[in-house]
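Asker: Below is one structure. I have some questions about it.
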Number of protein chains: 2
Amino acid sequence: MTANEPNGRATGASEVAILEAARDLLAEKGLQGLSMRTVAQRVGVSATAIYHYFENKDELVRRVVQGGFRRFGEYIEDAMRRHPRGSLERVRAVGEAYLQFALENQAYFRVLFSLQHPDPHTLEDLPEGGGYGLLRQAVVDAMQAGTMREIDPDLMVMFLWSLTHGLLTISMACRIEQCPEFEREAVSHTPLELFQAFGPLVREGVLGPAGVASAADEQIVSGGE
Amino acid sequence: MTANEPNGRATGASEVAILEAARDLLAEKGLQGLSMRTVAQRVGVSATAIYHYFENKDELVRRVVQGGFRRFGEYIEDAMRRHPRGSLERVRAVGEAYLQFALENQAYFRVLFSLQHPDPHTLEDLPEGGGYGLLRQAVVDAMQAGTMREIDPDLMVMFLWSLTHGLLTISMACRIEQCPEFEREAVSHTPLELFQAFGPLVREGVLGPAGVASAADEQIVSGGE
DNA sequence: ACCGTTAAGTTAACGGCGTTAACCCAGCCA
DNA sequence: TGGCTGGGTTAACGCCGTTAACTTAACGGT
């Protein structure tokens with residue numbers, strides 16, 4: 001309980017206090033640790049008081065998620081600032097920032113991209129220049145600088161985003177580290193290491209640098225297996 | 001209610017009947033439409049009867065998920081059968097089957113790869129030869145046939161899986177179609193169309209077929225933009 | 001033929017959840 | 001001074017997962 005007034009009445013349950021409590025609770029105990037009652041208790045107020053600020057629980061978590069996307073965008077902005085415009089490194093850094101945010105704020109991220117939301121968020125949930133826009137800018141710059149092939153930038157963005165997001169969500173939903181195929185492997189386990197190992201595939205594709213050797217001239221190129 | 005005996009006692013709540021009811025309920029109303037009580041009602045039995053067959057709700061949905069992965073595997077198996085061993089088409093078909101399953105069984109898929117499970121499933125949840133193993137086989141075959149560069153096959157599988165899974169989960173969590181960046185675009189909206197549009201990027205990478213043209217010789221290669 | 005065990009149900013209840021309804025009261029403005 | 005309003009309260013409803021205690025039908029062994 002926070003400081004109460006002489007009678008049993010509590011104060012200080014501002015909208016932001018509620019949002020902060022909800023955010024912290026989410027980070028600490030995950031989505032199912034966030035109930036109206038626990039949030040209220042942390043703020044020092046009765047559960048129903050929350051309904052003065054938010055229509056219902058859905059709106060509360062939607063607002064929390066919104067704040068999450070904002071912080072997410074900041075991670076990415078920082079990453080971009082650290083690399084020169086038009087460089088491939090900058091594009092890669094955006095991906096790494098994506099991973100970093102997700103891993104440092106797991107409970108958070110799980111909710112941001114939960115598949116359970118009744119109706120999915122449009123990307124305008126994140127602020128205008130948000131993650132998508134930033135990555136897109138990095139991609140357009142790289143294309144203009146000639147460090148990346150020129151195709152529809154939105155297609156390119158979806159490609160990179162899908163790859164990164166997929167890697168992340170797979171590692172969060174499945175414990176690939178302890179799957180037999182991976183145990184015996186030199187392939188590294190952490191999402192970040194995998195992401196970096198993707199580098200050559202992303203740059204040169206599954207066919208390889210010079211296109212794949214046909215079966216006939218295989219031994220010419222690599223000496224056979 | 002199913003056929004009851006003379007007294008108020010119900011029968012016929014076999015384990016599989018419960019699993020089927022849970023599966024159907026999940027497909028019809030999503031995860032939050034699946035409660036012990038609703039499942040029980042559909043089977044025609046009291047809620048607590050379920051505890052004779054399953055330890056708790058978690059185990060029930062885990063079993064449902066298991067069955068889901070099995071069906072998932074069948075989709076992929078079918079796709080592989082329709083294309084020759086070692087072909088890139090076969091690998092692509094696996095990805096398309098992945099999309100197809102997910103889109104035809106959305107509520108299902110949302111739970112299979114929910115980020116909310118207390119502890120994530122190991123891949124052994126799916127039967128031995130399951131999705132991962134099948135894709136891996138297709139990849140190994142393609143490498144041996146020379147239609148794909150030779151690298152660690154598990155890395156390649158994670159790459160392809162991440163890409164496909166990410167595309168899917170992003171489209172399920174965010175309504176990219178109605179995001180301003182996409183509205184004005186010729187880029188198609190459905191996951192399947194996007195997946196197909198990824199083709200060149202997957203094969204040749206973000207650098208392009210012959211590596212990207214440096215700014216200097218750009219016009220030599222493509223005649224400028 | 002009986003008894004004990006077990007499998008498959010039942011009802012009642014507990015505590016937690018989101019949410020609603022009804023009420024309370026300090027502070028402000030006319 | 002009086003009424004409105006914003007921010008709080010308690011009580012209650014119906015749903016949830018789960019537990020406890022009970023009932024009954026069927027079966028196997030002596």
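The way I read the labels, and the way they are meant: chains A, B, ... in the order of the structure tokens, residue 1 as the first residue of every chain, and ligand 1 as the first ligand shown, with later ones counted on from there.
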So that I can check the secondary structure, give me every residue of stretch 29-146 of chain B assigned helix (DSSP H, G or I) by backbone DSSP, as a ChimeraX atom specification.
Answerer: /B:29,31-33,36-43,47-52,57-81,88-104,106-112,123-125,131-145
Asker: Using only C-alpha atoms (C1' of nucleotides), what does the table of chain C residues within 8 Å of chain B look like, with each row giving the shortest atom pair and its distance in Å to one decimal, sorted by chain and ascending number, as CSV?
Answerer:
```
residue,atom,partner,partner_atom,distance
C:DA8,C1',B:Ala49,CA,7.6
C:DG9,C1',B:Arg9,CA,6.3
C:DT10,C1',B:Arg9,CA,7.4
```
Asker: May I have the residues of chain D within 9 Å of chain B, counting only C-alpha atoms (C1' of nucleotides), written as a ChimeraX atom specification?
Answerer: /D:16-18,24
Asker: Put those residues in a file: N, CA and C atoms (P, O5', C5', C4', C3', O3' and C1' of nucleotides), as a short mmCIF file (atom, residue, chain, number, x, y, z; two decimals), in the first residue's frame.
Answerer:
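Final output, selection_30.cif:
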```
data_model
loop_
_atom_site.label_atom_id
_atom_site.label_comp_id
_atom_site.auth_asym_id
_atom_site.auth_seq_id
_atom_site.Cartn_x
_atom_site.Cartn_y
_atom_site.Cartn_z
P DC D 16 -16.13 -20.99 -18.53
"O5'" DC D 16 -14.80 -21.09 -17.65
"C5'" DC D 16 -13.72 -20.21 -17.92
"C4'" DC D 16 -12.69 -20.30 -16.84
"C3'" DC D 16 -12.25 -21.72 -16.50
"O3'" DC D 16 -11.22 -22.09 -17.39
"C1'" DC D 16 -12.48 -20.36 -14.53
P DG D 17 -10.86 -23.61 -17.51
"O5'" DG D 17 -9.98 -23.87 -16.20
"C5'" DG D 17 -8.69 -23.28 -16.11
"C4'" DG D 17 -8.02 -23.69 -14.82
"C3'" DG D 17 -7.77 -25.19 -14.69
"O3'" DG D 17 -6.49 -25.38 -14.09
"C1'" DG D 17 -9.13 -24.45 -12.90
P DT D 18 -5.89 -26.84 -13.90
"O5'" DT D 18 -6.47 -27.23 -12.47
"C5'" DT D 18 -6.20 -26.34 -11.38
"C4'" DT D 18 -6.88 -26.87 -10.13
"C3'" DT D 18 -6.76 -28.38 -9.94
"O3'" DT D 18 -5.92 -28.60 -8.81
"C1'" DT D 18 -8.93 -27.58 -9.40
P DT D 24 -25.66 -44.47 -5.57
"O5'" DT D 24 -25.35 -45.45 -6.77
"C5'" DT D 24 -24.96 -44.89 -7.98
"C4'" DT D 24 -23.93 -45.68 -8.70
"C3'" DT D 24 -24.19 -47.17 -8.87
"O3'" DT D 24 -24.69 -47.31 -10.18
"C1'" DT D 24 -21.89 -46.60 -8.71
#
```
Asker: For each of A:Arg110, A:Leu99, A:Leu135, A:Val157, take the minimum atom-to-atom distance to chain B, counting only C-alpha atoms, then give the residue where this is smallest.
Answerer: A:Arg110
Asker: Would you work out the distance separating atom CA of A:Glu15 from atom CA of A:Gln32, expressed in Å to one decimal?
Answerer: 21.1 Å
Asker: Please identify all polymer residues within 9 Å of B:Met156, counting only C-alpha atoms (C1' of nucleotides), omitting same-chain residues fewer than 5 positions from it, and present them as a ChimeraX atom specification.
Answerer: /A:198,201,206 /B:136,139,151,161
Asker: Given the choices B:Asn105, B:Ser162, B:Gln144, B:Gln100, which gets closest to chain A if the distance is worked out from only C-alpha atoms?
Answerer: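 For chain A, the nearest of the given residues is B:Ser162.
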Asker: Could you check the closest approach to D:DG28 for each of C:DA26, C:DA21, C:DA13, C:DC3 and tell me which residue wins, using only C-alpha atoms (C1' of nucleotides)?
Answerer: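 Under the stated criterion, the closest residue is C:DC3.
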Asker: Restricting the calculation to only C-alpha atoms: of B:Tyr98, B:Pro120, B:Leu134, B:Asp141, which residue gets closest to chain A?
Answerer: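 Of B:Tyr98, B:Pro120, B:Leu134, B:Asp141, the one nearest chain A is B:Pro120, counting only C-alpha atoms.
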Asker: Between B:Ala22, B:Ala27, B:Val39, B:Ala197, which one has atoms that come closest to chain A, using only C-alpha atoms?
Answerer: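 Going through B:Ala22, B:Ala27, B:Val39, B:Ala197 one by one, the smallest distance to chain A is for B:Ala197.
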Asker: Taking only C-alpha atoms into account, name the residue in A:Val65, A:Ala102, A:Val43, A:Leu31 that is nearest to chain B.
Answerer: A:Leu31
Asker: Please report the interatomic distance between atom CA of B:Gly130 and atom CA of B:Arg62 in Å with one decimal.
Answerer: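 Between these atoms lies a distance of 16.6 Å.
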Asker: Using atom CA of A:Pro153 and atom CA of B:Gly199 as the two end points, give the distance in Å to one decimal.
Answerer: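 So the two atoms, atom CA of A:Pro153 and atom CA of B:Gly199, lie 14.9 Å apart.
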Asker: Excluding C:DC29 and residues on its chain fewer than 5 positions from it, collect all residues at most 12 Å away from it, counting only C-alpha atoms (C1' of nucleotides), and give them as a short mmCIF file (atom, residue, chain, number, x, y, z; two decimals) with C-alpha atoms (C1' of nucleotides), in the first residue's frame.
Answerer:
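Output contents, as saved in part34.cif:
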```
data_model
loop_
_atom_site.label_atom_id
_atom_site.label_comp_id
_atom_site.auth_asym_id
_atom_site.auth_seq_id
_atom_site.Cartn_x
_atom_site.Cartn_y
_atom_site.Cartn_z
"C1'" DT D 1 -24.37 26.92 -0.12
"C1'" DG D 2 -25.25 23.44 -3.22
"C1'" DG D 3 -24.50 20.42 -6.96
"C1'" DC D 4 -21.34 18.15 -10.14
"C1'" DT D 5 -17.52 15.48 -11.04
#
```
